[in-house]
>>> print(open('data_12.tsv').read())   # TSV, C-alpha atoms
chain	number	residue	atom	x	y	z
O	14	MET	CA	-0.28	33.20	52.22
O	15	LEU	CA	2.41	35.69	51.26
O	16	ILE	CA	5.18	33.27	52.25
O	17	THR	CA	3.65	30.40	50.30
O	18	SER	CA	3.08	32.60	47.24
O	19	THR	CA	6.72	33.72	47.44
O	20	ILE	CA	7.93	30.12	47.50
O	21	ILE	CA	5.72	29.26	44.52
O	22	ALA	CA	6.75	32.34	42.54
O	23	THR	CA	10.49	32.03	43.24
O	24	LEU	CA	10.65	28.36	42.30
O	25	GLY	CA	8.54	29.07	39.22
O	26	LEU	CA	10.96	31.80	38.18
O	27	LEU	CA	13.98	29.57	38.73
O	28	VAL	CA	12.53	26.72	36.63
O	29	ASP	CA	11.10	29.17	34.05
O	30	SER	CA	7.48	28.05	34.43
O	31	PRO	CA	4.89	30.72	33.48
O	32	ALA	CA	2.01	28.59	34.82
O	33	VAL	CA	3.58	28.35	38.28
O	34	VAL	CA	4.29	32.09	38.38
O	35	ILE	CA	0.67	32.84	37.45
O	36	GLY	CA	-0.47	30.53	40.25
O	37	ALA	CA	1.64	32.52	42.70
O	38	MET	CA	-0.06	35.74	41.57
O	39	ILE	CA	-3.46	34.31	42.52
O	40	VAL	CA	-2.26	33.15	45.94
O	41	ALA	CA	-0.47	36.41	46.79
O	42	PRO	CA	-2.53	38.73	49.06
O	43	LEU	CA	-0.40	41.83	48.47
O	44	MET	CA	-3.11	43.57	46.45
O	45	ASN	CA	-5.34	43.98	49.54
O	46	PRO	CA	-3.13	46.35	51.59
O	47	ILE	CA	-2.46	48.44	48.47
O	48	LEU	CA	-6.19	48.90	47.89
O	49	SER	CA	-6.60	49.61	51.62
O	50	CYS	CA	-3.97	52.35	51.34
O	51	ALA	CA	-5.84	53.83	48.37
O	52	PHE	CA	-9.09	53.77	50.35
O	53	GLY	CA	-7.34	55.48	53.26
O	54	ILE	CA	-6.08	58.20	50.91
O	55	SER	CA	-9.55	58.82	49.47
O	56	THR	CA	-11.17	58.96	52.94
O	57	SER	CA	-8.25	60.83	54.58
O	58	ASP	CA	-7.85	58.02	57.12
O	59	GLY	CA	-4.28	58.47	58.39
O	60	ILE	CA	-4.33	55.36	60.59
O	61	LEU	CA	-5.47	53.15	57.70
O	62	ILE	CA	-2.80	54.62	55.42
O	63	GLN	CA	-0.11	54.01	58.06
O	64	ARG	CA	-1.16	50.43	58.76
O	65	SER	CA	-1.40	49.68	55.04
O	66	LEU	CA	2.07	51.10	54.29
O	67	VAL	CA	3.60	49.12	57.17
O	68	THR	CA	1.97	45.96	55.85
O	69	ILE	CA	3.23	46.66	52.32
O	70	LEU	CA	6.78	47.39	53.50
O	71	LEU	CA	6.98	44.35	55.78
O	72	GLY	CA	5.42	42.14	53.13
O	73	SER	CA	7.80	43.39	50.42
O	74	ALA	CA	10.85	42.89	52.64
O	75	THR	CA	9.65	39.38	53.55
O	76	VAL	CA	9.23	38.43	49.89
O	77	MET	CA	12.67	39.73	48.88
O	78	LEU	CA	14.50	38.07	51.78
O	79	LEU	CA	12.73	34.74	51.30
O	80	ALA	CA	13.40	34.81	47.54
O	81	TRP	CA	17.07	35.56	48.24
O	82	ALA	CA	17.24	32.65	50.72
O	83	LEU	CA	15.63	30.27	48.22
O	84	ASP	CA	18.06	31.36	45.52
O	85	GLU	CA	20.95	30.70	47.90
O	86	ALA	CA	19.58	27.22	48.60
O	87	VAL	CA	18.81	26.49	44.94
O	88	PRO	CA	21.16	28.91	43.14
O	89	ALA	CA	20.14	30.12	39.71
O	90	THR	CA	22.68	29.05	37.10
O	91	ILE	CA	20.92	30.84	34.26
O	92	LEU	CA	18.65	33.86	33.94
O	93	SER	CA	15.38	32.41	32.68
O	94	GLN	CA	12.94	34.19	30.41
O	95	GLU	CA	10.50	34.63	33.30
O	96	ILE	CA	13.17	36.44	35.31
O	97	ILE	CA	14.39	38.72	32.54
O	98	ALA	CA	10.83	39.61	31.54
O	99	ARG	CA	10.51	41.42	34.87
O	100	THR	CA	13.74	43.41	34.66
O	101	THR	CA	12.93	45.69	31.71
O	102	PRO	CA	9.63	47.49	32.48
O	103	ASN	CA	8.31	50.29	30.29
O	104	ILE	CA	5.43	52.73	30.27
O	105	VAL	CA	3.03	50.00	29.14
O	106	ASP	CA	3.46	48.29	32.52
O	107	LEU	CA	2.39	51.51	34.24
O	108	GLY	CA	-0.71	51.63	32.05
O	109	ILE	CA	-1.56	48.06	33.06
O	110	ALA	CA	-1.13	48.97	36.74
O	111	LEU	CA	-3.47	51.96	36.39
O	112	ALA	CA	-6.16	49.87	34.73
O	113	ALA	CA	-5.74	47.07	37.29
O	114	GLY	CA	-5.98	49.51	40.18
O	115	ALA	CA	-9.22	50.93	38.81
O	116	ALA	CA	-10.66	47.44	38.30
O	117	GLY	CA	-9.58	46.32	41.77
O	118	ALA	CA	-11.14	49.31	43.51
O	119	PHE	CA	-14.36	48.99	41.54
O	120	SER	CA	-14.66	45.25	42.28
O	121	LEU	CA	-14.31	45.92	46.03
O	122	THR	CA	-17.30	48.26	45.94
O	123	ARG	CA	-19.47	45.85	43.95
O	124	PRO	CA	-20.10	42.54	45.81
O	125	LYS	CA	-21.47	40.90	42.66
O	126	ILE	CA	-18.12	41.20	40.89
O	127	ALA	CA	-15.84	40.75	43.92
O	128	ASN	CA	-14.42	37.58	42.35
O	129	SER	CA	-12.82	39.74	39.65
O	130	ILE	CA	-10.03	40.62	42.09
O	131	ALA	CA	-8.31	37.33	41.17
O	132	GLY	CA	-8.13	38.44	37.55
O	133	VAL	CA	-6.72	41.78	38.66
O	134	ALA	CA	-4.02	39.99	40.64
O	135	ILE	CA	-3.01	38.07	37.51
O	136	ALA	CA	-3.07	41.15	35.28
O	137	VAL	CA	-0.63	43.11	37.43
O	138	ALA	CA	2.44	41.40	38.92
O	139	LEU	CA	3.29	42.25	42.53
O	140	VAL	CA	5.04	39.30	44.16
O	141	PRO	CA	7.03	38.02	41.10
O	142	PRO	CA	8.99	41.31	40.63
O	143	LEU	CA	9.88	41.30	44.33
O	144	CYS	CA	11.04	37.69	43.99
O	145	VAL	CA	13.20	38.68	41.00
O	146	ALA	CA	14.66	41.52	43.08
O	147	GLY	CA	15.51	39.03	45.82
O	148	ILE	CA	17.06	36.63	43.31
O	149	GLY	CA	19.10	39.52	41.91
O	150	LEU	CA	20.64	40.16	45.33
O	151	GLY	CA	22.36	36.77	45.21
O	152	LEU	CA	23.37	36.58	41.53
O	153	ARG	CA	26.98	35.74	40.81
O	154	ASP	CA	29.16	37.24	38.09
O	155	ASP	CA	29.30	33.94	36.18
O	156	ILE	CA	25.53	33.73	35.71
O	157	GLY	CA	24.40	32.66	32.27
O	158	VAL	CA	21.50	33.87	30.15
O	159	SER	CA	18.93	31.72	28.38
O	160	VAL	CA	19.34	31.81	24.59
O	161	GLU	CA	15.62	32.50	24.33
O	162	THR	CA	15.98	35.88	26.01
O	163	VAL	CA	17.64	39.22	25.43
O	164	VAL	CA	21.32	39.00	26.36
O	165	PRO	CA	22.65	42.39	27.49
O	166	ILE	CA	20.40	43.19	30.45
O	167	GLY	CA	23.06	43.09	33.14
O	168	ILE	CA	23.23	41.02	36.31
O	169	GLY	CA	23.09	41.46	40.04
O	170	ASN	CA	22.18	45.02	41.00
O	171	GLN	CA	20.76	45.76	37.54
O	172	VAL	CA	18.35	42.83	37.83
O	173	THR	CA	17.27	43.98	41.28
O	174	THR	CA	16.91	47.60	40.15
O	175	GLY	CA	14.79	46.68	37.11
O	176	ALA	CA	12.50	44.43	39.15
O	177	LEU	CA	12.05	47.05	41.89
O	178	LEU	CA	11.22	49.64	39.24
O	179	LEU	CA	8.47	47.35	37.93
O	180	PHE	CA	7.12	46.79	41.44
O	181	SER	CA	7.22	50.53	42.18
O	182	ALA	CA	5.34	51.29	38.96
O	183	ASN	CA	2.70	48.72	39.85
O	184	LEU	CA	2.40	49.95	43.43
O	185	ILE	CA	2.07	53.62	42.50
O	186	GLY	CA	-0.16	52.98	39.49
O	187	ILE	CA	-2.60	50.82	41.46
O	188	THR	CA	-2.74	53.29	44.34
O	189	VAL	CA	-3.37	56.30	42.10
O	190	ALA	CA	-6.10	54.67	40.02
O	191	ALA	CA	-7.79	53.02	43.00
O	192	SER	CA	-7.85	56.30	44.94
O	193	LEU	CA	-9.46	58.10	42.02
O	194	VAL	CA	-12.09	55.37	41.59
O	195	PHE	CA	-12.95	55.46	45.30
O	196	LEU	CA	-13.30	59.24	45.16
O	197	TRP	CA	-15.36	59.02	41.98
O	198	GLN	CA	-17.76	56.73	43.88
O	199	ARG	CA	-17.94	59.32	46.70
O	200	TYR	CA	-15.86	57.44	49.24
O	201	GLY	CA	-14.18	60.42	50.83
O	202	HIS	CA	-13.79	63.98	49.54
O	203	TRP	CA	-11.58	65.36	46.78
O	204	ARG	CA	-10.49	68.41	48.78
O	205	ARG	CA	-9.35	66.48	51.85
O	206	ALA	CA	-7.49	63.97	49.72
O	207	GLY	CA	-5.85	66.71	47.65
O	208	VAL	CA	-2.42	66.70	49.34
O	209	SER	CA	-2.10	62.91	49.14
O	210	LEU	CA	-3.18	62.90	45.48
O	211	VAL	CA	-0.62	65.56	44.60
O	212	SER	CA	2.10	63.49	46.31
O	213	LEU	CA	1.01	60.42	44.37
O	214	GLY	CA	1.05	62.44	41.16
O	215	LEU	CA	4.64	63.48	41.80
O	216	LEU	CA	5.65	59.87	42.46
O	217	LEU	CA	3.87	58.86	39.26
O	218	ALA	CA	5.84	61.46	37.31
O	219	VAL	CA	9.13	60.31	38.84
O	220	VAL	CA	8.61	56.65	37.96
O	221	SER	CA	7.33	57.54	34.47
O	222	GLY	CA	10.75	58.92	33.46
O	223	PRO	CA	12.76	55.68	33.30
O	224	LEU	CA	9.72	53.78	32.07
O	225	SER	CA	9.35	56.15	29.12
O	226	GLY	CA	13.03	55.68	28.26
O	227	ALA	CA	12.60	51.91	28.26
O	228	MET	CA	9.55	52.32	26.03
O	229	GLY	CA	11.67	54.25	23.53
O	230	GLU	CA	14.15	51.39	23.38
O	231	PHE	CA	11.28	48.92	22.91
O	232	ILE	CA	9.99	50.93	19.93
O	233	LEU	CA	13.50	51.06	18.44
O	234	GLU	CA	13.74	47.28	18.72
O	235	LYS	CA	10.57	46.95	16.66
O	236	ARG	CA	11.88	49.37	14.03
O	237	ILE	CA	15.16	47.47	13.76
O	238	ASP	CA	13.34	44.15	13.52
O	239	SER	CA	11.24	45.59	10.70
O	240	GLN	CA	14.31	46.96	8.90
O	241	ILE	CA	16.07	43.60	9.05
O	242	ALA	CA	12.94	41.92	7.66
O	243	LYS	CA	12.99	44.39	4.73
O	244	LEU	CA	16.62	43.54	4.05
O	245	TRP	CA	15.84	39.83	3.87
O	246	GLU	CA	13.07	40.58	1.34
O	247	ARG	CA	15.84	41.41	-1.14
O	248	TYR	CA	17.35	38.00	-0.49
O	249	PRO	CA	14.40	35.55	-0.31
O	250	HIS	CA	16.64	32.51	0.04
O	251	TYR	CA	18.23	34.09	3.13
O	252	ARG	CA	14.91	34.54	4.89
O	253	GLU	CA	14.29	30.80	4.95
O	254	VAL	CA	17.59	29.86	6.62
O	255	ILE	CA	18.47	32.91	8.77
O	256	GLN	CA	16.95	33.47	12.20
O	257	LEU	CA	17.18	36.67	14.25
O	258	LYS	CA	17.48	36.12	18.00
O	259	ASN	CA	18.05	38.17	21.16
O	260	LEU	CA	17.60	41.64	19.69
O	261	SER	CA	18.42	44.32	22.24
O	262	VAL	CA	18.69	48.11	22.04
O	263	GLN	CA	20.35	50.32	24.66
O	264	THR	CA	20.43	54.11	24.44
O	265	ASN	CA	22.57	56.62	26.33
O	266	SER	CA	23.83	60.19	25.95
O	267	LYS	CA	26.46	59.12	23.39
O	268	GLY	CA	24.24	57.13	21.06
O	269	VAL	CA	22.57	53.75	20.67
O	270	LYS	CA	23.94	50.20	20.96
O	271	VAL	CA	22.29	47.43	18.98
O	272	ASP	CA	23.01	43.82	19.91
O	273	PHE	CA	21.57	40.69	18.31
O	274	GLN	CA	22.37	37.18	17.10
O	275	LEU	CA	21.97	35.71	13.64
O	276	TYR	CA	21.63	31.97	13.25
O	277	ALA	CA	22.76	31.09	9.72
O	278	PRO	CA	24.96	28.61	7.81
O	279	SER	CA	28.66	29.47	8.02
O	280	SER	CA	29.06	30.09	4.29
O	281	LEU	CA	25.97	32.28	3.91
O	282	LEU	CA	26.76	35.48	5.81
O	283	ASP	CA	29.80	37.20	4.34
O	284	ASP	CA	31.35	40.55	5.31
O	285	GLN	CA	29.50	42.36	2.54
O	286	ILE	CA	26.06	41.32	3.83
O	287	LEU	CA	26.94	42.13	7.46
O	288	ASP	CA	28.39	45.54	6.52
O	289	GLN	CA	25.26	46.31	4.51
O	290	LEU	CA	23.09	45.29	7.46
O	291	HIS	CA	24.97	47.59	9.84
O	292	GLY	CA	24.84	50.45	7.33
O	293	GLU	CA	21.09	50.24	6.85
O	294	LEU	CA	20.45	50.05	10.59
O	295	SER	CA	22.67	53.09	11.12
O	296	GLN	CA	20.75	55.08	8.51
O	297	VAL	CA	17.43	54.26	10.16
O	298	LEU	CA	18.60	55.10	13.69
O	299	GLU	CA	20.61	58.20	12.81
O	300	LYS	CA	17.42	59.78	11.45
O	301	SER	CA	16.12	59.67	15.02
O	302	GLY	CA	18.97	61.91	16.21
O	303	LEU	CA	20.40	59.29	18.56
O	304	GLY	CA	24.07	59.97	17.80
O	305	THR	CA	26.57	57.18	17.21
O	306	VAL	CA	25.21	53.74	16.31
O	307	THR	CA	27.21	50.74	17.52
O	308	THR	CA	26.10	47.38	16.17
O	309	THR	CA	27.22	44.04	17.62
O	310	ILE	CA	26.26	41.02	15.52
O	311	ARG	CA	26.87	37.53	16.86
O	312	HIS	CA	26.87	34.99	14.06
O	313	VAL	CA	25.92	31.51	15.26
O	314	PRO	CA	26.72	28.94	12.53
O	315	THR	CA	23.99	26.44	11.76
O	316	GLU	CA	23.51	23.55	9.38
O	317	VAL	CA	20.25	23.19	7.45
O	318	ARG	CA	19.22	19.90	5.87
O	319	SER	CA	16.12	19.41	3.75
O	320	TYR	CA	14.39	16.07	3.18
O	321	ARG	CA	11.59	15.10	0.82
O	322	SER	CA	9.64	11.86	0.69
O	323	THR	CA	6.61	10.66	-1.24
O	324	LEU	CA	3.79	9.20	0.82
O	325	ALA	CA	2.02	6.11	-0.49
O	326	PRO	CA	-1.67	6.69	-1.41
>>> encode(input="data_12.tsv", output="C-alpha cells")
Amino acid sequence: MLITSTIIATLGLLVDSPAVVIGAMIVAPLMNPILSCAFGISTSDGILIQRSLVTILLGSATVMLLAWALDEAVPATILSQEIIARTTPNIVDLGIALAAGAAGAFSLTRPKIANSIAGVAIAVALVPPLCVAGIGLGLRDDIGVSVETVVPIGIGNQVTTGALLLFSANLIGITVAASLVFLWQRYGHWRRAGVSLVSLGLLLAVVSGPLSGAMGEFILEKRIDSQIAKLWERYPHYREVIQLKNLSVQTNSKGVKVDFQLYAPSSLLDDQILDQLHGELSQVLEKSGLGTVTTTIRHVPTEVRSYRSTLAP
C-alpha cells in the first residue's frame, strides 16, 4: 500500500494534480506506525516503539527512493504548484499536525469513529512531502518554475530540505499530540512516559525554530500584499489592469529581500511608479527592524483589450 500510494502521489505531484495527491494520502498507511509509536511512548513499551520507528524509517526511505526513481524515469521539467507548496512549511503546519495527531489517537480508541482516520490522513500530509524530497534529490539546475507559484524557493537540496522539514514537523507533531491523548485516556502512566515526553518536547522545540521563521516571512508577504493594494487605491485605473504575481519574501541577518512580478501594459508602469512602490515597501518593512530592504520587481508586459456589444432583446 505504501508503494502504490507513493506512485500515485509522485505522479500527481509531477502532473500538478491536487485530486491525485489527496487520493494518495488516503491510500498511504504511514499514519498507523506513527500512532503505534505514540501508544508505545504512553505505555512505556520499548519493543513497540522500536518496531514502529523501524517501520517509519524503512517506509520513509522506500518512499523517497521510489519517488526519486520515478522522477528519473519521468523527469520533472518544471516545479509544479503541488511540489512547491510542500517546500515552505511554517508553524501553521505544526499546528495542523498536532490537531491531526490528537484526532487520530482519539479515533483509534473510539470504534464508532474509527473511520475518521481517513480524514486525519488527508488533513496532515505524510507521503507527499517524502515524495517531494525524493523528487528534489534528482532535480537538475535547469529546472523551471510554474508561473503560478512563488519563484525564488531554490532547487535540488533546498527542495529536499524543505520537504523533509515538513515531514519532520508532521511526524513529531502527530507523535506528541497522540501520546498526550493516549495518556489523557489513561493508556499508560505519565511518570513512566516522562523521559520520552521530554525528548519529544525538545524535538518539538528544535523543529519549531525554522517553522517560526518561515511564518514570519509568510506574515510579511501578507503585509506587502496589503501595502501594494493600498498603493493601487490611489490609482484606480491601475488596479484594473495590473496583476501582482509570485510574491516572495526572504529574510536573513542582513535584511529582507522582496521579489514579485507585475503584469501590466508596457506604457503603464514608469520609473516613478516603480520607485514609489519600492519606497513605500521599504518604509513598511524598515519599521519592523529588518535592516536593508532589497526589492526585485519583474515587469511582464501585457496587452489589454476591451470589447462591448449590445445583446438583442
>>> residues_around(input="data_12.tsv", residues="range 227-233 of chain O", least_positions_apart="5", cutoff="8 Å", atoms="all atoms listed in the file", output="number ranges by chain")
O: 101-105, 262-264
>>> closest_residue(input="data_12.tsv", among="O:Ala112, O:Ile39, O:Leu215, O:Leu71", to="Gly186 in chain O", atoms="only C-alpha atoms")
O:Ala112
>>> atom_distance(input="data_12.tsv", atom1="CA of Gly117 in chain O", atom2="CA of Val145 in chain O")
24.0 Å
>>> atom_distance(input="data_12.tsv", atom1="CA of Gly214 in chain O", atom2="CA of Ser55 in chain O")
13.9 Å
>>> closest_residue(input="data_12.tsv", among="O:Ala51, O:Met14, O:Val172, O:Leu281", to="Ser209 in chain O", atoms="all atoms listed in the file")
O:Ala51
>>> residues_around(input="data_12.tsv", residues="Ala82 in chain O", least_positions_apart="6", cutoff="10 Å", atoms="all atoms listed in the file", output="ChimeraX atom specification")
/O:76,88,147-148,150-151
>>> closest_residue(input="data_12.tsv", among="O:Val306, O:Val33, O:Ala74, O:Ile187", to="Cys50 in chain O", atoms="only C-alpha atoms")
O:Ile187
>>> atom_distance(input="data_12.tsv", atom1="CA of Ile20 in chain O", atom2="CA of Glu95 in chain O")
15.1 Å
>>> axis_aligned_box(input="data_12.tsv", around="range 18-23 of chain O", padding_each_side="3 Å", output="AutoDock Vina command-line options")
--center_x 6.8 --center_y 31.5 --center_z 45.0 --size_x 13.4 --size_y 10.5 --size_z 11.0
>>> closest_residue(input="data_12.tsv", among="O:Arg99, O:Lys125, O:Trp197, O:Arg204", to="Thr174 in chain O", atoms="only C-alpha atoms")
O:Arg99
>>> residues_around(input="data_12.tsv", residues="Leu196 in chain O", least_positions_apart="4", cutoff="9 Å", atoms="all atoms listed in the file", output="list in words")
Phe52, Ser55, Thr56, Ala191, Ser192, Tyr200, Gly201, His202, Trp203 and Ala206 of chain O
>>> closest_residue(input="data_12.tsv", among="O:Leu224, O:Ala98, O:Ala176, O:Val87", to="Val28 in chain O", atoms="all atoms listed in the file")
O:Val87
>>> residues_around(input="data_12.tsv", residues="Ala80 in chain O", least_positions_apart="2", cutoff="12 Å", atoms="all atoms listed in the file", output="ChimeraX atom specification")
/O:15-27,73-78,82-89,140-152,173
>>> closest_residue(input="data_12.tsv", among="O:Leu257, O:Val271, O:Val211, O:Ala138", to="Ala41 in chain O", atoms="only C-alpha atoms")
O:Ala138
>>> residues_around(input="data_12.tsv", residues="Gly53 in chain O", least_positions_apart="3", cutoff="9 Å", atoms="only C-alpha atoms", output="PyMOL selection string")
chain O and resi 48-50+56-63+65+192+201
>>> write_last_selection(input="data_12.tsv", atoms="C-alpha atoms", output="JSON list (two decimals), in the frame of the given file")
[["chain", "number", "residue", "atom", "x", "y", "z"],
["O", 48, "LEU", "CA", -6.19, 48.90, 47.89],
["O", 49, "SER", "CA", -6.60, 49.61, 51.62],
["O", 50, "CYS", "CA", -3.97, 52.35, 51.34],
["O", 56, "THR", "CA", -11.17, 58.96, 52.94],
["O", 57, "SER", "CA", -8.25, 60.83, 54.58],
["O", 58, "ASP", "CA", -7.85, 58.02, 57.12],
["O", 59, "GLY", "CA", -4.28, 58.47, 58.39],
["O", 60, "ILE", "CA", -4.33, 55.36, 60.59],
["O", 61, "LEU", "CA", -5.47, 53.15, 57.70],
["O", 62, "ILE", "CA", -2.80, 54.62, 55.42],
["O", 63, "GLN", "CA", -0.11, 54.01, 58.06],
["O", 65, "SER", "CA", -1.40, 49.68, 55.04],
["O", 192, "SER", "CA", -7.85, 56.30, 44.94],
["O", 201, "GLY", "CA", -14.18, 60.42, 50.83]]
>>> decode(input="data_12.tsv", residues="range 274-284 of chain O", atoms="all heavy atoms", output="compact mmCIF listing (two decimals), in the first residue's frame")
# COMPACT_ATOMS: atom_id res chain seq x y z
N GLN O 274 6.36 39.76 -9.32
CA GLN O 274 6.14 40.12 -10.71
C GLN O 274 4.89 40.98 -10.83
O GLN O 274 3.91 40.77 -10.12
CB GLN O 274 5.99 38.86 -11.58
CG GLN O 274 7.24 38.01 -11.68
CD GLN O 274 7.02 36.78 -12.54
OE1 GLN O 274 5.92 36.52 -12.99
NE2 GLN O 274 8.07 36.01 -12.77
N LEU O 275 4.96 41.94 -11.74
CA LEU O 275 3.81 42.78 -12.06
C LEU O 275 3.46 42.60 -13.53
O LEU O 275 4.29 42.82 -14.40
CB LEU O 275 4.11 44.25 -11.77
CG LEU O 275 4.20 44.67 -10.30
CD1 LEU O 275 4.55 46.15 -10.19
CD2 LEU O 275 2.90 44.38 -9.56
N TYR O 276 2.25 42.16 -13.78
CA TYR O 276 1.76 42.04 -15.15
C TYR O 276 1.00 43.32 -15.48
O TYR O 276 -0.03 43.61 -14.86
CB TYR O 276 0.84 40.83 -15.27
CG TYR O 276 1.57 39.50 -15.20
CD1 TYR O 276 2.09 39.03 -14.01
CD2 TYR O 276 1.73 38.71 -16.34
CE1 TYR O 276 2.76 37.83 -13.93
CE2 TYR O 276 2.39 37.50 -16.27
CZ TYR O 276 2.90 37.06 -15.07
OH TYR O 276 3.56 35.86 -15.01
N ALA O 277 1.51 44.10 -16.44
CA ALA O 277 0.90 45.38 -16.76
C ALA O 277 1.28 45.79 -18.18
O ALA O 277 2.31 45.33 -18.71
CB ALA O 277 1.35 46.45 -15.77
N PRO O 278 0.49 46.64 -18.82
CA PRO O 278 0.86 47.15 -20.15
C PRO O 278 2.21 47.85 -20.11
O PRO O 278 2.58 48.47 -19.10
CB PRO O 278 -0.28 48.13 -20.47
CG PRO O 278 -1.44 47.64 -19.67
CD PRO O 278 -0.86 47.09 -18.41
N SER O 279 2.94 47.79 -21.19
CA SER O 279 4.31 48.33 -21.24
C SER O 279 4.36 49.81 -20.91
O SER O 279 5.28 50.28 -20.24
CB SER O 279 4.90 48.08 -22.62
OG SER O 279 4.90 46.70 -22.93
N SER O 280 3.38 50.57 -21.36
CA SER O 280 3.42 52.02 -21.20
C SER O 280 2.88 52.50 -19.85
O SER O 280 2.92 53.68 -19.55
CB SER O 280 2.60 52.69 -22.31
OG SER O 280 1.26 52.23 -22.28
N LEU O 281 2.40 51.58 -19.02
CA LEU O 281 1.71 52.00 -17.81
C LEU O 281 2.65 52.19 -16.62
O LEU O 281 2.56 53.17 -15.88
CB LEU O 281 0.64 50.97 -17.45
CG LEU O 281 -0.35 51.39 -16.36
CD1 LEU O 281 -1.09 52.65 -16.77
CD2 LEU O 281 -1.33 50.27 -16.09
N LEU O 282 3.58 51.28 -16.43
CA LEU O 282 4.48 51.35 -15.29
C LEU O 282 5.75 52.09 -15.66
O LEU O 282 6.61 51.57 -16.36
CB LEU O 282 4.83 49.94 -14.80
CG LEU O 282 3.70 49.16 -14.14
CD1 LEU O 282 4.19 47.79 -13.69
CD2 LEU O 282 3.14 49.91 -12.95
N ASP O 283 5.90 53.32 -15.18
CA ASP O 283 7.11 54.08 -15.44
C ASP O 283 8.03 54.01 -14.21
O ASP O 283 7.69 53.45 -13.17
CB ASP O 283 6.79 55.53 -15.79
CG ASP O 283 5.91 56.20 -14.73
OD1 ASP O 283 5.90 55.71 -13.58
OD2 ASP O 283 5.25 57.19 -15.06
N ASP O 284 9.21 54.59 -14.33
CA ASP O 284 10.19 54.55 -13.24
C ASP O 284 9.68 55.22 -11.98
O ASP O 284 9.98 54.79 -10.86
CB ASP O 284 11.50 55.20 -13.69
CG ASP O 284 12.20 54.40 -14.77
OD1 ASP O 284 11.91 53.20 -14.89
OD2 ASP O 284 13.04 54.98 -15.50
